[in-house]
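Student: This is the structure I want to talk about, given as structure tokens.
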Amino acid sequence: MAVAAAKSWQSGEGKGLGTRTARSGAVYVTGQVLGSIAILALFAVLARLFSVTNWGLYSIVIAFYTLFGTLGNFTIGTAMRKKLVELNDRAAKRAMLSNAYIATIAISTVLAVAGVAVSGYVAGTLYHQPDLAHVFMLAAALVWFWALFNLTMASLVALDRAKEGAIIDMIYSYVQLAAAPALVLLGYGIMGAVAGLGIGIVVATAIGLLFVTRAVGWPGLHFDLKQTKSILSFAAPVYLSSLVAQGVYSFALLFAAGFVTAAVVGNYNIGYEMGGGVGIILSTTAFVLLPAFSKVALRDSVGAHIGPSLNRSVYYTLLFLAPIVAYIVSVSTPLVFILFSHKYVYAPLYLSLVAVGLAIGVIWNYASTMLLGMGAVRKFLRYQLLAAAIELALLFVLTPIFKIIGMIVGVFIIFQAIMDVIYILEFRRSVSYRPEFGKPARVAAASVLLFALLYAVSSALSFGYIALLTNVALAFIVYPPLLAALSGITAADIEFLRGAFGAGRVAAPLSRILDYTAVFVRR
């Protein structure tokens, strides 16, 4: 029966949904990756413009902004990605959005005011930098716009406007890339860098609201207590789990800092930010998959469809993600040195471990998103709390013994593998899920062989900058035949990907890659 369901999923309505979702996901993830490149470039530029001390102070202000932004966001956007796809009527979607914006404005206003109120204490008492109080205040005020921006972007994805969501994310990133360094060069220092962030987010939010209006009409601000309660009841557990996740990662860094020097912590931060690109690919793909998973959950035979949906999501993600990780690890040394200078000698190792570890967690990242799509919010929260407990246990055991390496291996590798197993067991118990390991394992094997070749080339080139370009070319040439030789891809997979990417200028290079891969695939 499961086999029949899988075939039905591949050939019928499920295939159509999968193709549409993959196309939206490809567009959105591409936008996120391009936006992340801009932010990485921004960090590299600011790190060179600022002194080491001012770069550290800027990082503290951004951490403050991120903390209050996480508190003020309240994951209402996640609720929209779940609930908007369940509505067919344009007016009903508009009403849902109206209440979501009212709740977001109310919560983010409270958090922004609180952030402004404590800014003086944080700057003067905690960090002994009273002159930065006004910078902290600006960062706190921007929390209001960040909450609106996140809700708008999530709503666009839920409204099947992933392209528009990607556009506003890139606007936010690239406007900030232009504005922040310009203001620093004009003499505004850290305040200028934060103001540049503000310019980007205000412009992107305004354009995003125009896209939402074009999709469903202007939502307005029409309050409905029952609907607002429904939104918040879904968002609250997800919000708590988000706070748990953010809190543990922040605590991990603070805890590890007690066992190593500040220089090592700085190296780790660079490795984490760069390796976090893998996490961005996973989280943004899951971001797009939630509406599709919600549609799957609406089916009568939900258990029969979850397996094929989850397996295909994991496989197609690894198909592209695994060679990217192989490339990143092979050129981690020149990549770090060219962006942040030769001072950060440990960052390449930390970057490699973070990138590999985050890729290992693909199953549990998507399975947890599937839980949300099924509406099992409280179960999702329980598993997030369990995840936090496991992370803390690994942190307390491994960090005192192995220092920063122990923290990275525990949080980014061992933890990811444990959570994969836990979610597989949960889905096997609840919906008779049968994980497909064969093709993902063959993809992983092809990527390991690719890494071995690319690393050898990097070593032969003395890990110089030329390896960055050489390895890109080799990856495109070598990976497809390796994948085909190990039966990691079939003709049916290639046809699915053709349909997912569609046509057009953006899809043309991908189509050529698929044509090249098809040459090596056995018919």
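Labeling convention for the structure tokens: chains A, B, ... as they appear, residues from 1 per chain, ligands from 1 in order of appearance.
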Excluding Leu398 (chain A) and its own-chain neighbours fewer than 5 positions away, which residues fall within 8 Å of it when counting only C-alpha atoms? Please give them as a list in words.
Tutor: Lys403, Gly406, Met407 and Gly410 of chain A
Student: Let's have the selection written as a PDB file, in the first residue's frame, with C-alpha atoms.
Tutor:
```
ATOM      1  CA  LYS A 403      37.017  23.088  24.422  1.00  0.00           C
ATOM      2  CA  GLY A 406      33.870  19.713  21.741  1.00  0.00           C
ATOM      3  CA  MET A 407      31.141  22.351  21.551  1.00  0.00           C
ATOM      4  CA  GLY A 410      28.472  18.119  20.131  1.00  0.00           C
TER       5      GLY A 410
END
```
Student: Can you tell me, as an NGL selection string, what residues are no more than 9 Å from Leu349 (chain A) when counting only C-alpha atoms, ignoring any on the same chain fewer than 3 positions away?
Tutor: :A and (271 or 329 or 332-333 or 345-346 or 352-354)
Student: For region 142-151 of chain A, find every residue with an atom within 10 Å (counting only C-alpha atoms), except residues of its own chain fewer than 5 positions away, and show them as a VMD selection string.
Tutor: chain A and resid 65 to 81 97 100 to 101 104 to 113 115 136 to 137 156 165 168 to 169 172 194 to 195 197 to 199 201 to 209
Student: With only C-alpha atoms as the basis for distance, which of A:Ala166, A:Ala178, A:Leu395, A:Ala417 is at the shortest distance from Ile363 (chain A)?
Tutor: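 Of the candidates, the smallest distance to Ile363 (chain A) is held by A:Ala417.
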Student: For region 124-132 of chain A, please output as a PyMOL selection string all residues within 10 Å (counting only C-alpha atoms; exclusion window: fewer than 5 positions along the same chain).
Tutor: chain A and resi 57-58+60-61+119+137+190-191
Student: So that I can check the surroundings of Tyr272 (chain A), please list as a PyMOL selection string every protein, DNA and RNA residue that reaches within 9 Å of it, counting only C-alpha atoms and ignoring chain neighbours fewer than 3 positions away.
Tutor: chain A and resi 267-269+275-277+347+350-351+354-355
Student: Using C-alpha atoms, can you write the selected residues to a file as a tab-separated table (two decimals), in the first residue's frame?
Tutor:
```
chain	number	residue	atom	x	y	z
A	267	ASN	CA	37.47	32.39	14.82
A	268	TYR	CA	34.41	30.36	15.75
A	269	ASN	CA	32.08	33.26	14.94
A	275	GLY	CA	28.99	27.58	7.70
A	276	GLY	CA	25.55	28.87	8.61
A	277	GLY	CA	24.95	29.22	4.85
A	347	ALA	CA	38.08	29.50	11.24
A	350	TYR	CA	35.25	25.46	12.36
A	351	LEU	CA	33.53	26.40	9.10
A	354	VAL	CA	29.56	23.51	11.08
A	355	ALA	CA	28.73	23.04	7.38
```
Student: List the neighbours of region 474-485 of chain A out to 10 Å using only C-alpha atoms; skip same-chain residues closer than 3 positions along the sequence, and give me the result as a short mmCIF file (atom, residue, chain, number, x, y, z; two decimals) with N, CA and C atoms, in the first residue's frame.
Tutor:
```cif
data_model
loop_
_atom_site.label_atom_id
_atom_site.label_comp_id
_atom_site.auth_asym_id
_atom_site.auth_seq_id
_atom_site.Cartn_x
_atom_site.Cartn_y
_atom_site.Cartn_z
N LEU A 319 20.70 16.33 -2.96
CA LEU A 319 21.22 16.26 -4.32
C LEU A 319 22.02 17.52 -4.66
N PRO A 323 27.01 18.38 -2.64
CA PRO A 323 28.20 18.86 -3.36
C PRO A 323 28.61 20.28 -2.96
N ILE A 324 27.63 21.10 -2.55
CA ILE A 324 27.97 22.45 -2.08
C ILE A 324 28.82 22.35 -0.82
N ALA A 326 30.67 19.79 0.05
CA ALA A 326 31.97 19.26 -0.36
C ALA A 326 32.87 20.38 -0.88
N TYR A 327 32.30 21.27 -1.65
CA TYR A 327 33.07 22.39 -2.20
C TYR A 327 33.51 23.34 -1.08
N LYS A 439 19.11 6.21 -2.01
CA LYS A 439 19.57 7.28 -2.91
C LYS A 439 20.28 8.41 -2.16
N ARG A 442 23.78 7.27 -1.64
CA ARG A 442 24.58 7.31 -2.86
C ARG A 442 24.98 8.75 -3.22
N VAL A 443 24.08 9.69 -2.96
CA VAL A 443 24.42 11.10 -3.14
C VAL A 443 25.56 11.49 -2.21
N ALA A 444 25.48 11.06 -0.96
CA ALA A 444 26.53 11.36 0.02
C ALA A 444 27.86 10.76 -0.42
N ALA A 445 27.82 9.51 -0.93
CA ALA A 445 29.06 8.86 -1.38
C ALA A 445 29.69 9.62 -2.54
N ALA A 446 28.86 10.05 -3.48
CA ALA A 446 29.38 10.83 -4.62
C ALA A 446 30.00 12.14 -4.14
N SER A 447 29.40 12.74 -3.14
CA SER A 447 29.91 14.01 -2.62
C SER A 447 31.21 13.83 -1.85
N LEU A 449 33.47 11.49 -2.52
CA LEU A 449 34.48 11.31 -3.56
C LEU A 449 34.83 12.65 -4.21
N LEU A 450 33.81 13.47 -4.42
CA LEU A 450 34.04 14.80 -4.98
C LEU A 450 34.93 15.62 -4.04
N PHE A 451 34.64 15.57 -2.74
CA PHE A 451 35.46 16.31 -1.77
C PHE A 451 36.90 15.85 -1.80
N LEU A 453 38.62 14.65 -4.23
CA LEU A 453 39.29 15.21 -5.41
C LEU A 453 39.54 16.71 -5.24
N LEU A 454 38.52 17.44 -4.80
CA LEU A 454 38.65 18.89 -4.67
C LEU A 454 39.68 19.26 -3.61
N VAL A 457 43.12 18.86 -5.01
CA VAL A 457 43.45 19.96 -5.91
C VAL A 457 43.79 21.21 -5.09
N LEU A 469 38.13 29.00 -7.85
CA LEU A 469 37.57 28.88 -9.20
C LEU A 469 37.80 27.50 -9.78
N THR A 470 38.98 26.96 -9.56
CA THR A 470 39.29 25.63 -10.10
C THR A 470 38.33 24.58 -9.58
N ASN A 471 38.05 24.62 -8.29
CA ASN A 471 37.18 23.61 -7.70
C ASN A 471 35.73 23.76 -8.12
N GLY A 488 22.92 7.54 -8.09
CA GLY A 488 22.35 8.52 -7.18
C GLY A 488 21.27 9.36 -7.81
N ILE A 489 21.08 9.23 -9.12
CA ILE A 489 20.04 9.98 -9.81
C ILE A 489 19.55 9.14 -10.99
N THR A 490 18.26 9.25 -11.29
CA THR A 490 17.66 8.50 -12.38
C THR A 490 17.09 9.45 -13.42
N ALA A 491 16.69 8.88 -14.55
CA ALA A 491 16.06 9.69 -15.60
C ALA A 491 14.78 10.33 -15.10
N ILE A 513 22.87 21.84 -17.01
CA ILE A 513 23.48 20.90 -16.05
C ILE A 513 22.73 19.57 -16.08
N LEU A 514 21.40 19.64 -16.14
CA LEU A 514 20.59 18.42 -16.20
C LEU A 514 20.85 17.67 -17.50
N TYR A 516 23.63 17.68 -19.17
CA TYR A 516 24.95 17.07 -19.00
C TYR A 516 24.86 15.83 -18.12
N THR A 517 24.09 15.92 -17.03
CA THR A 517 23.93 14.78 -16.13
C THR A 517 23.25 13.62 -16.84
N ALA A 518 22.25 13.94 -17.68
CA ALA A 518 21.48 12.89 -18.37
C ALA A 518 22.36 12.05 -19.29
N VAL A 519 23.47 12.61 -19.77
CA VAL A 519 24.37 11.87 -20.64
C VAL A 519 24.92 10.63 -19.93
N PHE A 520 25.09 10.72 -18.62
CA PHE A 520 25.71 9.64 -17.85
C PHE A 520 24.70 8.71 -17.19
N VAL A 521 23.42 9.07 -17.23
CA VAL A 521 22.39 8.27 -16.55
C VAL A 521 21.97 7.10 -17.43
N ARG A 522 21.92 5.94 -16.84
CA ARG A 522 21.50 4.74 -17.56
C ARG A 522 20.00 4.77 -17.80
#
```
Student: Considering only alpha helix (DSSP H) as DSSP defines it on the backbone, what residues of region 462-518 of chain A qualify? List them as a VMD selection string.
Tutor: chain A and resid 466 to 485 491 to 501 507 to 518
Student: Of the candidates A:Leu87, A:Ile167, A:Ala139, A:Leu49, which shows the shortest atom-to-atom distance to Leu186 (chain A), using only C-alpha atoms?
Tutor: A:Leu49
